[in-house]
>>> print(open('final.tsv').read())   # TSV, C-alpha atoms
chain	number	residue	atom	x	y	z
A	1	MET	CA	0.00	0.00	0.00
A	2	VAL	CA	1.32	3.43	-0.92
A	3	ALA	CA	1.30	5.83	2.05
A	4	GLN	CA	-0.42	9.15	1.68
A	5	SER	CA	1.79	12.22	1.70
A	6	PRO	CA	1.98	14.39	4.85
A	7	GLU	CA	0.47	17.30	2.92
A	8	ARG	CA	-2.54	15.18	1.88
A	9	ASN	CA	-3.05	13.99	5.46
A	10	LEU	CA	-3.02	17.58	6.72
A	11	LEU	CA	-5.50	18.74	4.04
A	12	ILE	CA	-7.89	15.91	4.93
A	13	PHE	CA	-7.70	16.81	8.61
A	14	LEU	CA	-8.24	20.53	7.97
A	15	ALA	CA	-11.25	19.81	5.72
A	16	ILE	CA	-12.93	17.65	8.36
A	17	THR	CA	-12.13	20.15	11.12
A	18	PHE	CA	-13.62	22.98	9.03
A	19	PHE	CA	-16.82	20.96	8.56
A	20	LEU	CA	-17.08	20.28	12.30
A	21	THR	CA	-16.47	23.96	13.07
A	22	LEU	CA	-19.28	25.02	10.75
A	23	THR	CA	-21.62	22.44	12.26
A	24	PHE	CA	-21.11	23.55	15.85
A	25	SER	CA	-20.99	27.26	14.99
A	26	SER	CA	-24.48	26.92	13.52
A	27	LEU	CA	-26.02	25.81	16.82
A	28	ALA	CA	-28.53	28.33	18.11
A	29	GLY	CA	-27.07	30.72	20.65
A	30	ALA	CA	-23.55	29.32	20.31
A	31	GLU	CA	-21.98	32.77	20.22
A	32	SER	CA	-23.34	33.60	23.67
A	33	ARG	CA	-22.17	30.40	25.36
A	34	PRO	CA	-19.18	30.26	27.75
A	35	TRP	CA	-15.69	29.74	26.39
A	36	GLY	CA	-12.31	29.15	27.96
A	37	LEU	CA	-8.72	27.96	27.71
A	38	SER	CA	-7.26	24.69	28.97
A	39	LEU	CA	-3.99	22.85	29.51
A	40	THR	CA	-4.04	19.06	29.04
A	41	VAL	CA	-1.22	16.80	30.23
A	42	GLY	CA	-1.17	13.13	29.26
A	43	VAL	CA	-0.22	10.42	26.77
A	44	PRO	CA	0.51	9.99	23.94
A	45	HIS	CA	0.59	13.79	23.53
A	46	PRO	CA	2.37	15.15	26.63
A	47	VAL	CA	1.16	18.78	26.55
A	48	ASN	CA	-1.79	20.42	24.78
A	49	LEU	CA	-3.25	23.92	24.85
A	50	ALA	CA	-6.89	24.23	23.78
A	51	TYR	CA	-9.74	26.64	23.18
A	52	GLU	CA	-12.86	25.33	24.96
A	53	LYS	CA	-16.49	26.03	24.10
A	54	VAL	CA	-19.78	25.16	25.83
A	55	TYR	CA	-22.69	24.89	23.39
A	56	ASP	CA	-25.56	23.59	25.53
A	57	PRO	CA	-26.02	21.21	28.49
A	58	ASP	CA	-25.42	18.22	26.21
A	59	TRP	CA	-22.40	19.32	24.16
A	60	THR	CA	-18.96	20.84	24.73
A	61	ALA	CA	-16.06	21.04	22.28
A	62	ALA	CA	-12.45	22.14	21.95
A	63	ALA	CA	-9.68	22.79	19.43
A	64	GLY	CA	-6.09	22.37	20.52
A	65	LEU	CA	-2.45	21.90	19.67
A	66	GLY	CA	0.68	20.64	21.36
A	67	SER	CA	4.38	20.02	20.82
A	68	LEU	CA	7.31	18.61	22.76
A	69	LYS	CA	10.92	17.95	21.69
A	70	LEU	CA	13.73	16.36	23.72
A	71	THR	CA	17.48	16.18	22.96
A	72	PHE	CA	19.86	13.56	24.36
A	73	GLN	CA	23.66	13.78	24.49
A	74	ASN	CA	23.52	16.66	21.97
A	75	LYS	CA	23.22	13.94	19.34
A	76	TYR	CA	19.74	12.43	19.38
A	77	THR	CA	16.42	14.27	19.19
A	78	ILE	CA	12.87	12.98	19.45
A	79	GLY	CA	9.65	14.95	19.31
A	80	ILE	CA	5.89	14.84	18.90
A	81	SER	CA	3.43	17.53	17.80
A	82	ASN	CA	-0.28	17.59	17.04
A	83	ILE	CA	-3.34	19.68	16.25
A	84	ASP	CA	-6.84	18.38	16.94
A	85	ALA	CA	-10.57	19.04	17.26
A	86	ARG	CA	-12.61	17.56	20.13
A	87	VAL	CA	-16.33	16.94	20.60
A	88	ARG	CA	-17.89	15.80	23.90
A	89	TRP	CA	-21.46	14.57	24.48
A	90	HIS	CA	-22.76	14.78	28.07
A	91	PRO	CA	-25.67	12.28	28.09
A	92	PHE	CA	-26.73	13.18	31.63
A	93	GLN	CA	-25.94	16.90	31.28
A	94	GLY	CA	-23.32	16.54	34.00
A	95	ALA	CA	-19.56	16.03	34.28
A	96	PHE	CA	-19.52	12.61	32.55
A	97	PHE	CA	-19.09	12.61	28.77
A	98	LEU	CA	-18.46	10.44	25.72
A	99	GLY	CA	-16.07	12.09	23.29
A	100	GLY	CA	-14.09	11.91	20.11
A	101	ILE	CA	-10.85	13.58	19.00
A	102	LEU	CA	-9.85	14.04	15.36
A	103	GLY	CA	-6.26	15.13	14.89
A	104	PHE	CA	-3.09	15.33	12.83
A	105	GLN	CA	0.22	14.37	14.44
A	106	THR	CA	3.92	14.27	13.61
A	107	LEU	CA	6.47	12.03	15.32
A	108	SER	CA	10.04	13.15	14.67
A	109	GLY	CA	13.52	11.89	15.35
A	110	ALA	CA	17.06	12.83	14.37
A	111	ALA	CA	20.50	11.29	14.88
A	112	SER	CA	24.06	11.92	13.77
A	113	GLU	CA	25.65	9.10	11.79
A	114	GLY	CA	28.83	8.58	9.79
A	115	ILE	CA	28.36	7.15	6.29
A	116	VAL	CA	31.37	5.79	4.44
A	117	VAL	CA	31.90	7.19	0.95
A	118	GLY	CA	35.09	5.71	-0.53
A	119	PRO	CA	37.96	6.47	1.86
A	120	THR	CA	35.97	9.15	3.71
A	121	THR	CA	33.47	8.84	6.55
A	122	VAL	CA	30.99	11.65	6.04
A	123	PRO	CA	29.34	12.94	9.26
A	124	THR	CA	25.63	13.30	8.57
A	125	THR	CA	22.42	14.03	10.42
A	126	LEU	CA	19.45	11.85	9.55
A	127	SER	CA	16.03	13.25	10.44
A	128	LEU	CA	12.76	11.35	10.15
A	129	ASN	CA	9.19	12.67	10.34
A	130	ILE	CA	6.22	10.30	10.64
A	131	THR	CA	2.80	11.87	10.08
A	132	SER	CA	-0.68	10.44	10.49
A	133	ILE	CA	-4.28	11.39	11.10
A	134	PHE	CA	-5.78	9.96	14.28
A	135	LEU	CA	-9.18	9.37	15.85
A	136	THR	CA	-9.47	8.98	19.62
A	137	PRO	CA	-12.76	7.70	21.07
A	138	HIS	CA	-12.74	8.33	24.79
A	139	LEU	CA	-14.81	8.97	27.88
A	140	GLY	CA	-14.24	11.08	30.93
A	141	TRP	CA	-15.41	13.67	33.38
A	142	VAL	CA	-15.02	17.43	33.29
A	143	TRP	CA	-16.14	19.39	36.35
A	144	GLY	CA	-17.04	23.08	36.37
A	145	ILE	CA	-16.83	23.75	32.62
A	146	ARG	CA	-20.29	25.36	32.41
A	147	ASN	CA	-19.59	28.10	34.94
A	148	PRO	CA	-17.06	30.96	34.93
A	149	GLY	CA	-13.87	30.08	36.74
A	150	PHE	CA	-11.65	27.04	37.21
A	151	PHE	CA	-12.52	23.62	35.75
A	152	PHE	CA	-10.73	20.28	35.54
A	153	GLY	CA	-11.24	16.88	33.98
A	154	LEU	CA	-10.04	13.32	33.45
A	155	GLU	CA	-10.09	11.51	30.08
A	156	LEU	CA	-9.45	7.87	29.08
A	157	GLY	CA	-9.55	6.21	25.66
A	158	GLU	CA	-7.50	4.88	22.75
A	159	GLN	CA	-5.79	6.68	19.88
A	160	LEU	CA	-6.38	5.07	16.46
A	161	PRO	CA	-4.03	6.45	13.76
A	162	PHE	CA	-4.46	5.99	10.01
A	163	GLY	CA	-2.90	7.23	6.77
A	164	ALA	CA	0.66	7.10	8.14
A	165	SER	CA	3.51	8.36	5.97
A	166	SER	CA	7.18	9.12	6.57
A	167	LYS	CA	9.90	11.39	5.21
A	168	LEU	CA	13.64	11.02	5.70
A	169	ASN	CA	16.10	13.89	5.24
A	170	VAL	CA	19.90	13.75	5.29
A	171	ALA	CA	22.22	16.72	5.89
A	172	ILE	CA	26.02	16.94	5.89
A	173	ASP	CA	27.29	18.24	9.24
A	174	ASP	CA	30.70	19.32	7.87
A	175	PRO	CA	30.23	22.20	5.37
A	176	SER	CA	33.50	21.28	3.66
A	177	LEU	CA	31.97	17.91	2.72
A	178	ALA	CA	28.62	19.28	1.53
A	179	SER	CA	29.45	18.23	-2.03
A	180	GLN	CA	29.34	14.60	-0.82
A	181	LEU	CA	25.57	14.66	-0.26
A	182	SER	CA	24.72	13.01	-3.58
A	183	ALA	CA	27.41	10.41	-3.01
A	184	VAL	CA	26.03	9.64	0.45
A	185	GLN	CA	22.51	9.18	-0.92
A	186	ALA	CA	23.86	6.82	-3.60
A	187	THR	CA	25.53	4.43	-1.14
A	188	LEU	CA	24.03	1.03	-0.41
A	189	ALA	CA	24.25	1.82	3.31
A	190	TYR	CA	22.05	4.89	2.90
A	191	GLN	CA	19.55	3.11	0.62
A	192	SER	CA	19.30	0.20	3.04
A	193	LEU	CA	18.78	2.56	5.97
A	194	LEU	CA	16.15	4.50	4.01
A	195	ASP	CA	14.18	1.33	3.17
A	196	LYS	CA	14.25	0.10	6.76
A	197	LEU	CA	13.31	3.45	8.28
A	198	GLN	CA	10.40	3.96	5.91
A	199	THR	CA	9.09	0.45	6.52
A	200	TYR	CA	9.37	0.61	10.30
A	201	SER	CA	8.29	4.23	10.61
A	202	ASN	CA	5.03	3.63	8.73
A	203	GLN	CA	4.37	0.72	11.08
A	204	ILE	CA	5.12	2.93	14.10
A	205	GLY	CA	2.79	5.58	12.70
A	206	LEU	CA	-0.07	3.06	12.80
A	207	ILE	CA	0.45	1.85	16.38
A	208	LYS	CA	-2.61	2.23	18.60
A	209	PHE	CA	-1.77	4.15	21.77
A	210	PRO	CA	-3.71	4.27	25.04
A	211	TYR	CA	-5.02	7.75	25.71
A	212	ALA	CA	-5.05	9.23	29.21
A	213	ALA	CA	-5.10	12.90	30.16
A	214	ILE	CA	-5.73	15.37	32.95
A	215	LYS	CA	-7.25	18.72	31.93
A	216	LEU	CA	-7.07	22.04	33.80
A	217	GLY	CA	-8.63	25.23	32.54
A	218	TRP	CA	-10.51	28.45	33.07
A	219	ILE	CA	-13.93	29.49	31.72
A	220	PHE	CA	-14.47	33.19	31.06
>>> encode(input="final.tsv", output="structure tokens")
Amino acid sequence: MVAQSPERNLLIFLAITFFLTLTFSSLAGAESRPWGLSLTVGVPHPVNLAYEKVYDPDWTAAAGLGSLKLTFQNKYTIGISNIDARVRWHPFQGAFFLGGILGFQTLSGAASEGIVVGPTTVPTTLSLNITSIFLTPHLGWVWGIRNPGFFFGLELGEQLPFGASSKLNVAIDDPSLASQLSAVQATLAYQSLLDKLQTYSNQIGLIKFPYAAIKLGWIF
């Protein structure tokens, strides 16, 4: 199966998000309902900031984004970023809800490697981005979101990614060897690494992750 491009994944996500925004914006009296800001900490996305909106006793929604990048030994870097839209149905018009999250995420990693080209070992940095769209059915509780002031919540579910794709970039760390880039990309070592990374990264991009988060926020 040929993976979709990251650009196509992002366009699909934005189109669906735009449709959901229009749907909820059309609800009667939506403009007069409370709104707020929240911070969500959890897995698989460590930190998210979101705009929260209360539409009526049965429905609340949010749109958020998050990003985190870590560097180890000044040589290895890993990161994750996402944007998403969230809808929550409160069947008993209370704190408990059933929800869904539609989002677009990027997993990234980079490492410095030496690739042998003839008699020379060329220091290079390999960077890999894995993108996918994800859907996260979940349930939870959010207390205080309908009234001005502080609110908090707990969410549990599972993240289901689809449409994973990957992109590998190589850069020469030593400017004096920049002319070796084409030679590096032509080596069997680079081609083998490229094939393996693309195969494994697409598989990683389709792994189902448990979803758990704590939300803190303020309604204005």
>>> closest_residue(input="final.tsv", among="A:Leu128, A:Ala164, A:Leu206, A:Leu216", to="Leu49 of chain A", atoms="only C-alpha atoms")
A:Leu216
>>> closest_residue(input="final.tsv", among="A:Gly94, A:Pro210, A:Gly99, A:Gly114", to="Asp174 of chain A", atoms="all atoms listed in the file")
A:Gly114
>>> residues_around(input="final.tsv", residues="Phe104 of chain A", least_positions_apart="3", cutoff="6 Å", atoms="only C-alpha atoms", output="VMD selection string")
chain A and resid 82 to 83 132 to 133
>>> atom_distance(input="final.tsv", atom1="atom CA of Val54 of chain A", atom2="atom CA of Ala213 of chain A")
19.6 Å
>>> closest_residue(input="final.tsv", among="A:Val116, A:Ala95, A:Ile219, A:Leu139", to="Ala50 of chain A", atoms="only C-alpha atoms")
A:Ile219
>>> residues_around(input="final.tsv", residues="Phe150 of chain A", least_positions_apart="3", cutoff="7 Å", atoms="all atoms listed in the file", output="short mmCIF file (atom, residue, chain, number, x, y, z; two decimals) with C-alpha atoms, in the frame of the given file")
data_model
loop_
_atom_site.label_atom_id
_atom_site.label_comp_id
_atom_site.auth_asym_id
_atom_site.auth_seq_id
_atom_site.Cartn_x
_atom_site.Cartn_y
_atom_site.Cartn_z
CA GLY A 144 -17.04 23.08 36.37
CA GLY A 217 -8.63 25.23 32.54
CA TRP A 218 -10.51 28.45 33.07
CA ILE A 219 -13.93 29.49 31.72
#
>>> closest_residue(input="final.tsv", among="A:Pro148, A:Gly79, A:Gly153, A:Pro137", to="Gly103 of chain A", atoms="only C-alpha atoms")
A:Pro137
>>> axis_aligned_box(input="final.tsv", around="segment 211-218 of chain A", padding_each_side="6 Å", output="JSON")
{"center_x": -7.8, "center_y": 18.1, "center_z": 29.8, "size_x": 17.5, "size_y": 32.7, "size_z": 20.1}
>>> residues_around(input="final.tsv", residues="segment 62-66 of chain A", least_positions_apart="5", cutoff="10 Å", atoms="all atoms listed in the file", output="PyMOL selection string")
chain A and resi 17+21+35-41+45-54+80-88+101-105
>>> closest_residue(input="final.tsv", among="A:Leu98, A:Ala212, A:Ile78, A:Ala171", to="Thr125 of chain A", atoms="all atoms listed in the file")
A:Ala171
>>> atom_distance(input="final.tsv", atom1="atom CA of Pro161 of chain A", atom2="atom CA of Lys69 of chain A")
20.5 Å
>>> closest_residue(input="final.tsv", among="A:Val184, A:Ile214, A:Leu194, A:Ala189", to="Val117 of chain A", atoms="only C-alpha atoms")
A:Val184
>>> atom_distance(input="final.tsv", atom1="atom CA of Thr121 of chain A", atom2="atom CA of Gln73 of chain A")
21.0 Å
>>> residues_around(input="final.tsv", residues="Glu113 of chain A", least_positions_apart="5", cutoff="12 Å", atoms="all atoms listed in the file", output="PDB file with C-alpha atoms, in the frame of the given file")
ATOM      1  CA  LYS A  75      23.220  13.940  19.340  1.00  0.00           C
ATOM      2  CA  TYR A  76      19.740  12.430  19.380  1.00  0.00           C
ATOM      3  CA  THR A 121      33.470   8.840   6.550  1.00  0.00           C
ATOM      4  CA  VAL A 122      30.990  11.650   6.040  1.00  0.00           C
ATOM      5  CA  PRO A 123      29.340  12.940   9.260  1.00  0.00           C
ATOM      6  CA  THR A 124      25.630  13.300   8.570  1.00  0.00           C
ATOM      7  CA  THR A 125      22.420  14.030  10.420  1.00  0.00           C
ATOM      8  CA  LEU A 126      19.450  11.850   9.550  1.00  0.00           C
ATOM      9  CA  SER A 127      16.030  13.250  10.440  1.00  0.00           C
ATOM     10  CA  VAL A 170      19.900  13.750   5.290  1.00  0.00           C
ATOM     11  CA  ALA A 171      22.220  16.720   5.890  1.00  0.00           C
ATOM     12  CA  ILE A 172      26.020  16.940   5.890  1.00  0.00           C
ATOM     13  CA  ASP A 173      27.290  18.240   9.240  1.00  0.00           C
ATOM     14  CA  VAL A 184      26.030   9.640   0.450  1.00  0.00           C
ATOM     15  CA  ALA A 189      24.250   1.820   3.310  1.00  0.00           C
ATOM     16  CA  TYR A 190      22.050   4.890   2.900  1.00  0.00           C
ATOM     17  CA  LEU A 193      18.780   2.560   5.970  1.00  0.00           C
TER      18      LEU A 193
END
>>> decode(input="final.tsv", residues="segment 112-157 of chain A", atoms="N, CA and C atoms", output="tab-separated table (two decimals), in the first residue's frame")
chain	number	residue	atom	x	y	z
A	112	SER	N	22.84	11.72	14.55
A	112	SER	CA	24.06	11.92	13.77
A	112	SER	C	24.70	10.57	13.47
A	113	GLU	N	25.04	10.35	12.21
A	113	GLU	CA	25.65	9.10	11.79
A	113	GLU	C	26.81	9.39	10.83
A	114	GLY	N	27.75	8.47	10.76
A	114	GLY	CA	28.83	8.58	9.79
A	114	GLY	C	28.61	7.56	8.68
A	115	ILE	N	28.56	8.03	7.44
A	115	ILE	CA	28.36	7.15	6.29
A	115	ILE	C	29.63	7.14	5.45
A	116	VAL	N	30.10	5.95	5.16
A	116	VAL	CA	31.37	5.79	4.44
A	116	VAL	C	31.16	6.00	2.95
A	117	VAL	N	31.91	6.93	2.39
A	117	VAL	CA	31.90	7.19	0.95
A	117	VAL	C	33.35	7.08	0.49
A	118	GLY	N	33.70	5.95	-0.14
A	118	GLY	CA	35.09	5.71	-0.53
A	118	GLY	C	35.97	5.68	0.70
A	119	PRO	N	37.06	6.45	0.71
A	119	PRO	CA	37.96	6.47	1.86
A	119	PRO	C	37.51	7.41	2.97
A	120	THR	N	36.40	8.11	2.77
A	120	THR	CA	35.97	9.15	3.71
A	120	THR	C	34.71	8.74	4.46
A	121	THR	N	34.69	9.00	5.76
A	121	THR	CA	33.47	8.84	6.55
A	121	THR	C	32.83	10.21	6.69
A	122	VAL	N	31.66	10.36	6.10
A	122	VAL	CA	30.99	11.65	6.04
A	122	VAL	C	30.03	11.78	7.22
A	123	PRO	N	30.26	12.75	8.13
A	123	PRO	CA	29.34	12.94	9.26
A	123	PRO	C	28.02	13.54	8.77
A	124	THR	N	26.94	12.86	9.06
A	124	THR	CA	25.63	13.30	8.57
A	124	THR	C	24.61	13.30	9.71
A	125	THR	N	23.57	14.06	9.51
A	125	THR	CA	22.42	14.03	10.42
A	125	THR	C	21.22	13.52	9.65
A	126	LEU	N	20.65	12.42	10.14
A	126	LEU	CA	19.45	11.85	9.55
A	126	LEU	C	18.25	12.28	10.38
A	127	SER	N	17.25	12.84	9.73
A	127	SER	CA	16.03	13.25	10.44
A	127	SER	C	14.84	12.57	9.79
A	128	LEU	N	13.92	12.10	10.62
A	128	LEU	CA	12.76	11.35	10.15
A	128	LEU	C	11.50	11.93	10.74
A	129	ASN	N	10.51	12.21	9.89
A	129	ASN	CA	9.19	12.67	10.34
A	129	ASN	C	8.14	11.65	9.92
A	130	ILE	N	7.31	11.24	10.89
A	130	ILE	CA	6.22	10.30	10.64
A	130	ILE	C	4.92	11.04	10.90
A	131	THR	N	4.06	11.15	9.92
A	131	THR	CA	2.80	11.87	10.08
A	131	THR	C	1.63	10.92	9.93
A	132	SER	N	0.55	11.23	10.60
A	132	SER	CA	-0.68	10.44	10.49
A	132	SER	C	-1.86	11.26	10.99
A	133	ILE	N	-3.03	10.88	10.55
A	133	ILE	CA	-4.28	11.39	11.10
A	133	ILE	C	-4.70	10.40	12.19
A	134	PHE	N	-5.36	10.89	13.24
A	134	PHE	CA	-5.78	9.96	14.28
A	134	PHE	C	-7.19	10.29	14.77
A	135	LEU	N	-7.86	9.26	15.24
A	135	LEU	CA	-9.18	9.37	15.85
A	135	LEU	C	-9.09	8.75	17.24
A	136	THR	N	-9.58	9.46	18.24
A	136	THR	CA	-9.47	8.98	19.62
A	136	THR	C	-10.84	8.96	20.30
A	137	PRO	N	-11.55	7.82	20.25
A	137	PRO	CA	-12.76	7.70	21.07
A	137	PRO	C	-12.37	7.61	22.53
A	138	HIS	N	-13.09	8.32	23.37
A	138	HIS	CA	-12.74	8.33	24.79
A	138	HIS	C	-13.95	8.72	25.63
A	139	LEU	N	-13.81	8.54	26.92
A	139	LEU	CA	-14.81	8.97	27.88
A	139	LEU	C	-14.10	9.69	29.02
A	140	GLY	N	-14.88	10.37	29.84
A	140	GLY	CA	-14.24	11.08	30.93
A	140	GLY	C	-15.21	11.92	31.71
A	141	TRP	N	-14.64	12.76	32.54
A	141	TRP	CA	-15.41	13.67	33.38
A	141	TRP	C	-14.74	15.04	33.34
A	142	VAL	N	-15.55	16.08	33.24
A	142	VAL	CA	-15.02	17.43	33.29
A	142	VAL	C	-15.94	18.24	34.21
A	143	TRP	N	-15.37	18.72	35.31
A	143	TRP	CA	-16.14	19.39	36.35
A	143	TRP	C	-15.97	20.91	36.27
A	144	GLY	N	-17.08	21.63	36.30
A	144	GLY	CA	-17.04	23.08	36.37
A	144	GLY	C	-16.94	23.81	35.05
A	145	ILE	N	-17.06	23.10	33.92
A	145	ILE	CA	-16.83	23.75	32.62
A	145	ILE	C	-17.98	24.67	32.21
A	146	ARG	N	-19.14	24.54	32.83
A	146	ARG	CA	-20.29	25.36	32.41
A	146	ARG	C	-20.39	26.69	33.16
A	147	ASN	N	-19.53	26.87	34.15
A	147	ASN	CA	-19.59	28.10	34.94
A	147	ASN	C	-18.27	28.85	34.87
A	148	PRO	N	-18.31	30.19	34.95
A	148	PRO	CA	-17.06	30.96	34.93
A	148	PRO	C	-16.14	30.54	36.07
A	149	GLY	N	-14.85	30.45	35.74
A	149	GLY	CA	-13.87	30.08	36.74
A	149	GLY	C	-13.13	28.81	36.38
A	150	PHE	N	-12.51	28.20	37.39
A	150	PHE	CA	-11.65	27.04	37.21
A	150	PHE	C	-12.47	25.79	36.89
A	151	PHE	N	-11.94	24.94	35.99
A	151	PHE	CA	-12.52	23.62	35.75
A	151	PHE	C	-11.40	22.62	35.56
A	152	PHE	N	-11.72	21.33	35.75
A	152	PHE	CA	-10.73	20.28	35.54
A	152	PHE	C	-11.43	19.01	35.10
A	153	GLY	N	-10.64	18.10	34.49
A	153	GLY	CA	-11.24	16.88	33.98
A	153	GLY	C	-10.26	15.74	33.87
A	154	LEU	N	-10.81	14.55	33.63
A	154	LEU	CA	-10.04	13.32	33.45
A	154	LEU	C	-10.59	12.61	32.22
A	155	GLU	N	-9.69	12.14	31.32
A	155	GLU	CA	-10.09	11.51	30.08
A	155	GLU	C	-9.34	10.21	29.87
A	156	LEU	N	-10.04	9.18	29.36
A	156	LEU	CA	-9.45	7.87	29.08
A	156	LEU	C	-9.98	7.34	27.76
A	157	GLY	N	-9.11	6.75	26.94
A	157	GLY	CA	-9.55	6.21	25.66
A	157	GLY	C	-8.42	5.53	24.92
